[in-house]
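input39.cif follows (mmCIF, C-alpha atoms):
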data_run
loop_
_atom_site.label_atom_id
_atom_site.label_comp_id
_atom_site.auth_asym_id
_atom_site.auth_seq_id
_atom_site.Cartn_x
_atom_site.Cartn_y
_atom_site.Cartn_z
CA MET M 601 -6.76 -71.75 -74.72
CA ALA M 602 -5.10 -68.62 -76.07
CA LEU M 603 -6.46 -65.28 -74.99
CA SER M 604 -7.18 -62.78 -77.75
CA VAL M 605 -6.35 -59.13 -77.31
CA SER M 606 -9.44 -56.92 -77.47
CA SER M 607 -9.56 -54.68 -80.48
CA SER M 608 -10.71 -51.85 -78.19
CA SER M 609 -7.37 -51.80 -76.36
CA PRO M 610 -5.44 -48.61 -77.09
CA SER M 611 -2.50 -49.04 -79.39
CA ASN M 612 1.00 -47.86 -78.57
CA HIS M 613 0.49 -45.10 -81.11
CA ASN M 614 -2.64 -43.84 -79.33
CA LEU M 615 -1.00 -44.01 -75.94
CA SER M 616 1.91 -41.91 -77.10
CA GLU M 617 -0.49 -39.26 -78.34
CA GLN M 618 -2.28 -39.07 -74.96
CA THR M 619 0.85 -38.88 -72.81
CA LEU M 620 3.41 -36.20 -72.07
CA VAL M 621 6.93 -37.52 -71.93
CA SER M 622 9.13 -35.93 -69.26
CA GLY M 623 12.54 -34.66 -70.29
CA ASP M 624 15.71 -36.09 -68.80
CA SER M 625 16.33 -32.94 -66.75
CA GLY M 626 12.93 -33.13 -65.10
CA SER M 627 12.52 -29.42 -65.74
CA SER M 628 10.53 -29.60 -68.98
CA CYS M 629 7.86 -31.64 -70.66
CA VAL M 630 7.63 -32.59 -74.33
CA PRO M 631 4.05 -32.04 -75.55
CA SER M 632 2.24 -34.74 -77.47
CA ARG M 633 1.70 -34.56 -81.21
CA LEU M 634 -1.90 -33.49 -80.59
CA GLU M 635 -0.81 -30.50 -78.50
CA ASP M 636 0.20 -27.08 -79.71
CA ASN M 637 3.90 -26.63 -79.01
CA ASN M 638 3.33 -22.94 -78.42
CA ASN M 639 0.57 -23.57 -75.85
CA PRO M 640 1.75 -26.37 -73.52
CA ARG M 641 -0.64 -27.86 -70.98
CA TRP M 642 2.01 -27.79 -68.23
CA GLY M 643 5.71 -27.29 -67.60
CA PRO M 644 7.89 -24.17 -67.24
CA ALA M 645 6.61 -22.78 -70.55
CA HIS M 646 3.00 -22.82 -69.31
CA LYS M 647 1.73 -19.25 -68.95
CA GLY M 648 0.01 -19.95 -65.64
CA ALA M 649 3.16 -21.53 -64.21
CA GLN M 650 5.20 -18.51 -65.25
CA GLU M 651 2.78 -16.04 -63.62
CA LEU M 652 2.66 -18.07 -60.38
CA ALA M 653 6.46 -18.29 -60.28
CA GLN M 654 6.69 -14.49 -60.55
CA LEU M 655 4.50 -14.11 -57.45
CA TYR M 656 7.28 -15.62 -55.32
CA THR M 657 10.03 -13.15 -54.52
CA LYS M 658 13.00 -12.99 -52.18
CA ASP M 659 11.03 -10.49 -50.14
CA HIS M 660 8.46 -13.20 -49.35
CA ARG M 661 11.26 -15.55 -48.30
CA GLN M 662 12.70 -12.91 -45.98
CA LYS M 663 9.32 -12.19 -44.37
CA ILE M 664 8.79 -15.79 -43.27
CA PRO M 665 11.46 -15.85 -40.50
CA ARG M 666 10.54 -12.33 -39.38
CA ASN M 667 6.91 -13.39 -39.01
CA LEU M 668 8.00 -16.49 -37.11
CA PHE M 669 9.98 -14.31 -34.70
CA ASP M 670 6.98 -12.04 -34.23
CA PHE M 671 4.66 -15.00 -33.67
CA SER M 672 7.06 -16.48 -31.11
CA SER M 673 7.05 -13.22 -29.13
CA GLY M 674 3.24 -13.18 -29.27
CA LEU M 675 2.90 -16.79 -28.15
CA LEU M 676 5.18 -16.28 -25.16
CA HIS M 677 3.52 -12.97 -24.28
CA TRP M 678 0.04 -14.51 -24.53
CA ALA M 679 1.00 -17.52 -22.37
CA ALA M 680 2.48 -15.35 -19.60
CA ASP M 681 -0.39 -12.83 -19.69
CA THR M 682 -3.14 -15.41 -19.76
CA TRP M 683 -2.11 -18.38 -17.68
CA GLY M 684 -0.21 -19.16 -14.49
CA SER M 685 0.16 -17.31 -11.23
CA VAL M 686 2.73 -15.24 -9.41
CA ASP M 687 2.49 -17.86 -6.63
CA LEU M 688 3.95 -20.60 -8.81
CA PRO M 689 7.39 -21.77 -7.63
CA VAL M 690 10.43 -20.47 -9.52
CA ILE M 691 8.69 -19.10 -12.61
CA GLY M 692 5.99 -17.18 -10.72
CA LYS M 693 8.09 -14.36 -9.26
CA ASN M 694 10.85 -14.52 -11.87
CA PHE M 695 8.84 -14.79 -15.06
CA ILE M 696 5.11 -14.15 -14.57
CA ARG M 697 5.41 -11.28 -12.06
CA PRO M 698 6.78 -8.74 -14.61
CA PHE M 699 3.80 -9.37 -16.89
CA ARG M 700 1.32 -8.73 -14.05
CA GLU M 701 3.16 -5.56 -13.05
CA HIS M 702 3.26 -4.37 -16.65
CA HIS M 703 -0.53 -4.37 -17.00
CA ILE M 704 -0.99 -2.39 -13.78
CA ASP M 705 1.91 -0.01 -14.42
CA PRO M 706 2.75 -0.06 -18.16
CA THR M 707 5.41 2.66 -17.77
CA ALA M 708 7.43 0.66 -15.24
CA ILE M 709 9.39 -0.93 -18.07
CA THR M 710 10.61 2.51 -19.16
CA ARG M 711 12.30 2.94 -15.77
CA HIS M 712 14.21 -0.33 -16.03
CA ASP M 713 17.87 -0.22 -17.01
CA PHE M 714 19.31 -2.26 -19.88
CA ILE M 715 20.11 -5.32 -17.74
CA GLU M 716 16.71 -5.47 -16.07
CA THR M 717 14.96 -4.99 -19.40
CA ASN M 718 16.94 -7.49 -21.46
CA GLY M 719 18.84 -9.73 -19.05
CA ASP M 720 16.34 -12.62 -19.00
CA ASN M 721 16.14 -12.72 -22.78
CA PHE M 722 19.92 -12.80 -23.12
CA MET M 723 20.06 -15.72 -20.69
CA VAL M 724 17.56 -17.70 -22.78
CA ILE M 725 19.84 -17.74 -25.82
CA ILE M 726 23.05 -18.77 -24.01
CA LEU M 727 22.38 -22.51 -24.33
CA PRO M 728 21.38 -22.66 -28.05
CA LEU M 729 24.18 -20.32 -29.11
CA GLY M 730 26.63 -22.26 -26.94
CA VAL M 731 25.62 -25.50 -28.67
CA MET M 732 25.98 -23.82 -32.06
CA ALA M 733 29.45 -22.49 -31.20
CA SER M 734 30.47 -25.97 -30.06
CA ARG M 735 29.29 -27.45 -33.34
CA PHE M 736 31.29 -24.91 -35.33
CA SER M 737 34.39 -25.79 -33.31
CA THR M 738 34.13 -29.57 -33.51
CA CYS M 739 32.30 -30.45 -36.77
CA SER M 740 33.77 -30.73 -40.23
CA ASN M 741 33.02 -28.18 -42.93
CA ASP M 742 30.70 -30.65 -44.68
CA GLN M 743 28.71 -31.22 -41.50
CA ILE M 744 28.41 -27.48 -40.90
CA ALA M 745 27.38 -26.86 -44.51
CA HIS M 746 24.64 -29.48 -44.19
CA SER M 747 22.96 -27.52 -41.35
CA TYR M 748 24.13 -24.03 -42.30
CA ALA M 749 20.63 -22.67 -43.04
CA TRP M 750 19.41 -23.90 -39.66
CA TYR M 751 22.36 -22.23 -37.90
CA TRP M 752 21.56 -18.93 -39.61
CA TYR M 753 17.93 -19.19 -38.56
CA LEU M 754 18.94 -19.97 -34.97
CA PHE M 755 21.34 -17.03 -34.89
CA LEU M 756 18.78 -14.56 -36.28
CA PHE M 757 16.12 -15.93 -33.96
CA SER M 758 18.46 -15.32 -31.03
CA VAL M 759 19.06 -11.73 -32.17
CA PHE M 760 15.32 -11.07 -32.24
CA VAL M 761 14.90 -12.70 -28.81
CA CYS M 762 17.57 -10.37 -27.45
CA VAL M 763 15.99 -7.18 -28.80
CA THR M 764 12.29 -7.99 -28.27
CA ASN M 765 12.06 -6.57 -24.74
CA GLN M 766 14.01 -3.49 -25.79
CA ILE M 767 11.60 -2.96 -28.70
CA HIS M 768 8.73 -3.45 -26.26
CA LYS M 769 10.22 -0.87 -23.93
CA TRP M 770 10.55 1.65 -26.77
CA SER M 771 6.86 1.15 -27.61
CA HIS M 772 6.05 2.64 -24.17
CA MET M 773 8.43 5.60 -24.40
CA TYR M 774 6.99 8.88 -25.65
CA THR M 775 9.99 11.05 -24.77
CA GLY M 776 13.72 10.58 -25.16
CA LEU M 777 13.55 8.12 -28.05
CA PRO M 778 16.40 8.34 -30.58
CA LYS M 779 15.32 9.57 -33.99
CA TRP M 780 16.33 6.30 -35.67
CA VAL M 781 14.08 4.32 -33.30
CA GLN M 782 11.16 6.63 -34.06
CA CYS M 783 11.82 6.15 -37.76
CA LEU M 784 11.76 2.36 -37.41
CA GLN M 785 8.49 2.60 -35.48
CA ASP M 786 6.91 4.97 -37.99
CA CYS M 787 7.84 2.57 -40.81
CA HIS M 788 6.47 -0.35 -38.74
CA ILE M 789 9.76 -2.19 -38.98
CA ILE M 790 9.61 -2.60 -35.20
CA LEU M 791 6.57 -2.40 -32.90
CA PRO M 792 5.01 1.09 -33.12
CA ARG M 793 3.78 2.88 -29.99
CA LYS M 794 0.26 3.52 -31.26
CA HIS M 795 -0.08 -0.09 -32.43
CA HIS M 796 0.90 -1.53 -29.04
CA ARG M 797 -1.59 0.65 -27.17
CA LYS M 798 -4.36 -1.67 -28.36
CA HIS M 799 -2.97 -4.45 -26.17
CA HIS M 800 -3.15 -2.28 -23.06
CA VAL M 801 -6.91 -1.86 -23.20
CA SER M 802 -8.40 -4.06 -20.45
CA PRO M 803 -8.77 -7.06 -20.37
CA HIS M 804 -5.48 -7.27 -22.35
CA GLU M 805 -6.69 -10.04 -24.63
CA THR M 806 -5.46 -8.90 -28.02
CA PHE M 807 -2.36 -7.75 -30.00
CA PHE M 808 0.20 -9.91 -28.17
CA CYS M 809 3.00 -9.89 -30.77
CA ILE M 810 5.62 -7.37 -29.66
CA THR M 811 8.62 -7.68 -31.99
CA THR M 812 7.20 -6.15 -35.16
CA GLY M 813 3.47 -6.51 -34.51
CA TRP M 814 2.92 -7.56 -38.13
CA LEU M 815 0.89 -10.64 -37.18
CA ASN M 816 -1.44 -9.00 -34.67
CA ARG M 817 -4.21 -8.10 -37.08
CA PRO M 818 -4.17 -11.40 -39.04
CA LEU M 819 -4.31 -13.37 -35.78
CA GLU M 820 -7.22 -11.27 -34.56
CA ILE M 821 -9.11 -11.74 -37.82
CA VAL M 822 -9.00 -15.54 -37.44
CA LYS M 823 -9.62 -15.26 -33.65
CA PHE M 824 -6.49 -17.34 -33.03
CA TRP M 825 -6.03 -16.44 -29.35
CA LYS M 826 -9.74 -16.73 -28.46
CA ILE M 827 -9.97 -20.18 -30.02
CA LEU M 828 -6.79 -21.30 -28.25
CA GLU M 829 -8.08 -20.01 -24.92
CA TYR M 830 -11.44 -21.73 -25.45
CA LEU M 831 -9.75 -25.07 -26.13
CA ILE M 832 -7.49 -24.80 -23.07
CA GLU M 833 -10.33 -23.70 -20.80
CA SER M 834 -12.52 -26.55 -22.06
CA ALA M 835 -9.76 -29.07 -21.40
CA THR M 836 -8.52 -27.79 -18.02
CA GLY M 837 -11.31 -25.68 -16.54
CA GLN M 838 -8.83 -22.83 -15.97
CA LYS M 839 -10.11 -19.31 -16.65
CA PRO M 840 -7.85 -17.17 -18.86
CA ARG M 841 -6.34 -14.10 -17.15
CA ALA M 842 -7.77 -15.05 -13.72
CA ASP M 843 -4.52 -14.16 -11.95
CA ASP M 844 -4.16 -10.98 -14.00
CA PHE M 845 -7.65 -9.83 -12.94
CA LYS M 846 -6.85 -10.61 -9.31
CA TRP M 847 -3.86 -8.26 -9.27
CA ALA M 848 -5.68 -5.56 -11.22
CA GLU M 849 -8.43 -5.47 -8.55
CA LYS M 850 -5.96 -4.77 -5.69
CA ARG M 851 -6.62 -1.04 -5.48
CA ASN M 852 -6.65 -0.58 -1.69
#
Starting from the file, give its structure as structure tokens.
Amino acid sequence: MALSVSSSSPSNHNLSEQTLVSGDSGSSCVPSRLEDNNNPRWGPAHKGAQELAQLYTKDHRQKIPRNLFDFSSGLLHWAADTWGSVDLPVIGKNFIRPFREHHIDPTAITRHDFIETNGDNFMVIILPLGVMASRFSTCSNDQIAHSYAWYWYLFLFSVFVCVTNQIHKWSHMYTGLPKWVQCLQDCHIILPRKHHRKHHVSPHETFFCITTGWLNRPLEIVKFWKILEYLIESATGQKPRADDFKWAEKRN
């Protein structure tokens, strides 16, 4: 038996009036006959879309990697300050010890020479930069172009890793700073001295980011470090900053 088509079914004419047809370029939409051509519902000509597009600037794009570098310095600083012990093999005396000393004697870093201040950070970047140099030497131009943005990010990240401890050292120096360093601190392009002092209020549980310090306040507002510490303590039973407190109490 033949099936009849319901008279309530929308006709092709009605469907075309209710649909927006995308252009071949994918960058524009052709409004339906029922829609005002001067007031599109969506597409690049939509007023809301234009205003939102203007909110994105190159400055925002440049801030993203700088904030990632700052967050990385904070995450590493927080981990070394909060967890582990000087008694741990290999990393205890070589990596965690300087962080314990720094809380007891914050000015010790200002007496370190360039190698002692920055040597460990320079060693960290040898492997990734070595791999990148090898890729540039052995890969074709097309292969390099495919990952070029990643290589730039890795290179800039390495630069910030190299200078982070030096920036940290400057944040503890109140005499003998070059004028250009003071200017960068005053403009908060690098970690300012007054800003970093907040971290050195016992029990040293806040303001961990030490490259620019831009993320310190936002992370404190959302209680990022406290929540992370709570989760780790709940899972492992380890008390945050237990080893740090132990060394701080050695006064005799």
Practice problem: For stretch 777-783 of chain M, work out the shell of residues within 12 Å, counting all atoms listed in the file and skipping chain neighbours fewer than 4 positions away, then give it as a PyMOL selection string. | Solution: chain M and resi 710+766-773+787-794
Exercise. On this file, the PyMOL selection byres ((chain M and resi 842-851) around 12) gives some set of residues; write that set as an MDAnalysis selection string.
Key: chainID M and resid 678:688 692 696:705 802:805 833 837:841 852
Practice problem: May I ask for the distance between atom CA of M:His677 and atom CA of M:Ile715, given in Å to one decimal place? | Solution: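 Calculated distance between atom CA of M:His677 and atom CA of M:Ile715 is 19.4 Å.
Closest approach to M:Leu756 among M:Phe669, M:Leu727, M:Leu675, M:Glu716 is made by M:Phe669 (distances from all atoms listed in the file).
Coordinates place atom CA of M:Thr811 at a distance of 5.2 Å from atom CA of M:Asp670.
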Exercise. Would you work out the distance separating atom CA of M:Tyr830 from atom CA of M:Gly813, expressed in Å to one decimal?
Key: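 For atom CA of M:Tyr830 relative to atom CA of M:Gly813, the distance reads 23.2 Å.
Remark: for M:Thr717, the closest of the candidate residues M:Ile744, M:Val801, M:Cys762, M:Val690 is M:Cys762 (distances computed over only C-alpha atoms).
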Using only the atoms of stretch 728-739 of chain M listed in the file, plus 5 Å on each side, state the axis-aligned box centre and edge lengths in Å rounded to one decimal, as JSON.
{"center_x": 27.9, "center_y": -25.4, "center_z": -31.9, "size_x": 23.0, "size_y": 20.1, "size_z": 19.8}
Practice problem: Please identify all polymer residues within 12 Å of M:Tyr751, counting only C-alpha atoms, omitting same-chain residues fewer than 2 positions from it, and present them as a list in words. | Solution: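 These residues fall inside the cut-off: Pro728, Leu729, Gly730, Val731, Met732, Ala733, Ser734, Arg735, Phe736, Gln743, Ile744, Ala745, His746, Ser747, Tyr748, Ala749, Tyr753, Leu754, Phe755, Leu756, Phe757 and Ser758 of chain M.
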Quiz item: Pick the closest to M:Val763 from M:Ser673, M:Asn694, M:Thr806, M:Ser834: which is it, counting all atoms listed in the file?
Solution: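 Selected residue with least distance to M:Val763: M:Ser673.
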Quiz item: For M:Phe722, which of M:Thr764, M:Asn741, M:Gln650, M:Gln785 is the closest residue, counting only C-alpha atoms?
Solution: M:Thr764
Can you give me N, CA and C atoms for stretch 741-763 of chain M, written as an mmCIF file, in the coordinates of the input?
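The resulting file, out.cif, is shown below:
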data_model
loop_
_atom_site.group_PDB
_atom_site.id
_atom_site.type_symbol
_atom_site.label_atom_id
_atom_site.label_comp_id
_atom_site.auth_asym_id
_atom_site.auth_seq_id
_atom_site.Cartn_x
_atom_site.Cartn_y
_atom_site.Cartn_z
ATOM 1 N N ASN M 741 33.671 -29.171 -42.068
ATOM 2 C CA ASN M 741 33.020 -28.180 -42.930
ATOM 3 C C ASN M 741 31.791 -28.752 -43.615
ATOM 4 N N ASP M 742 31.850 -30.022 -44.025
ATOM 5 C CA ASP M 742 30.700 -30.650 -44.680
ATOM 6 C C ASP M 742 29.518 -30.761 -43.732
ATOM 7 N N GLN M 743 29.787 -31.118 -42.482
ATOM 8 C CA GLN M 743 28.710 -31.220 -41.500
ATOM 9 C C GLN M 743 28.077 -29.861 -41.217
ATOM 10 N N ILE M 744 28.920 -28.839 -41.132
ATOM 11 C CA ILE M 744 28.410 -27.480 -40.900
ATOM 12 C C ILE M 744 27.598 -27.011 -42.087
ATOM 13 N N ALA M 745 28.091 -27.280 -43.293
ATOM 14 C CA ALA M 745 27.380 -26.860 -44.510
ATOM 15 C C ALA M 745 26.009 -27.515 -44.601
ATOM 16 N N HIS M 746 25.905 -28.741 -44.132
ATOM 17 C CA HIS M 746 24.640 -29.480 -44.190
ATOM 18 C C HIS M 746 23.550 -28.785 -43.364
ATOM 19 N N SER M 747 23.935 -28.163 -42.246
ATOM 20 C CA SER M 747 22.960 -27.520 -41.350
ATOM 21 C C SER M 747 23.122 -26.003 -41.318
ATOM 22 N N TYR M 748 23.793 -25.453 -42.332
ATOM 23 C CA TYR M 748 24.130 -24.030 -42.300
ATOM 24 C C TYR M 748 22.891 -23.138 -42.269
ATOM 25 N N ALA M 749 21.863 -23.480 -43.025
ATOM 26 C CA ALA M 749 20.630 -22.670 -43.040
ATOM 27 C C ALA M 749 19.979 -22.660 -41.664
ATOM 28 N N TRP M 750 19.993 -23.812 -41.004
ATOM 29 C CA TRP M 750 19.410 -23.900 -39.660
ATOM 30 C C TRP M 750 20.214 -23.041 -38.676
ATOM 31 N N TYR M 751 21.537 -23.048 -38.791
ATOM 32 C CA TYR M 751 22.360 -22.230 -37.900
ATOM 33 C C TYR M 751 22.065 -20.745 -38.092
ATOM 34 N N TRP M 752 21.889 -20.331 -39.339
ATOM 35 C CA TRP M 752 21.560 -18.930 -39.610
ATOM 36 C C TRP M 752 20.217 -18.556 -38.989
ATOM 37 N N TYR M 753 19.249 -19.453 -39.140
ATOM 38 C CA TYR M 753 17.930 -19.190 -38.560
ATOM 39 C C TYR M 753 18.043 -19.077 -37.035
ATOM 40 N N LEU M 754 18.778 -19.995 -36.417
ATOM 41 C CA LEU M 754 18.940 -19.970 -34.970
ATOM 42 C C LEU M 754 19.621 -18.694 -34.506
ATOM 43 N N PHE M 755 20.633 -18.254 -35.251
ATOM 44 C CA PHE M 755 21.340 -17.030 -34.890
ATOM 45 C C PHE M 755 20.417 -15.811 -34.995
ATOM 46 N N LEU M 756 19.684 -15.698 -36.115
ATOM 47 C CA LEU M 756 18.780 -14.560 -36.280
ATOM 48 C C LEU M 756 17.643 -14.597 -35.273
ATOM 49 N N PHE M 757 17.156 -15.796 -34.980
ATOM 50 C CA PHE M 757 16.120 -15.930 -33.960
ATOM 51 C C PHE M 757 16.626 -15.433 -32.610
ATOM 52 N N SER M 758 17.865 -15.758 -32.288
ATOM 53 C CA SER M 758 18.460 -15.320 -31.030
ATOM 54 C C SER M 758 18.596 -13.803 -30.975
ATOM 55 N N VAL M 759 18.959 -13.199 -32.106
ATOM 56 C CA VAL M 759 19.060 -11.730 -32.170
ATOM 57 C C VAL M 759 17.711 -11.098 -31.859
ATOM 58 N N PHE M 760 16.652 -11.621 -32.478
ATOM 59 C CA PHE M 760 15.320 -11.070 -32.240
ATOM 60 C C PHE M 760 14.863 -11.300 -30.804
ATOM 61 N N VAL M 761 15.220 -12.454 -30.233
ATOM 62 C CA VAL M 761 14.900 -12.700 -28.810
ATOM 63 C C VAL M 761 15.568 -11.648 -27.945
ATOM 64 N N CYS M 762 16.813 -11.341 -28.253
ATOM 65 C CA CYS M 762 17.570 -10.370 -27.450
ATOM 66 C C CYS M 762 16.929 -8.982 -27.495
ATOM 67 N N VAL M 763 16.454 -8.566 -28.655
ATOM 68 C CA VAL M 763 15.990 -7.180 -28.800
ATOM 69 C C VAL M 763 14.499 -7.009 -28.553
#
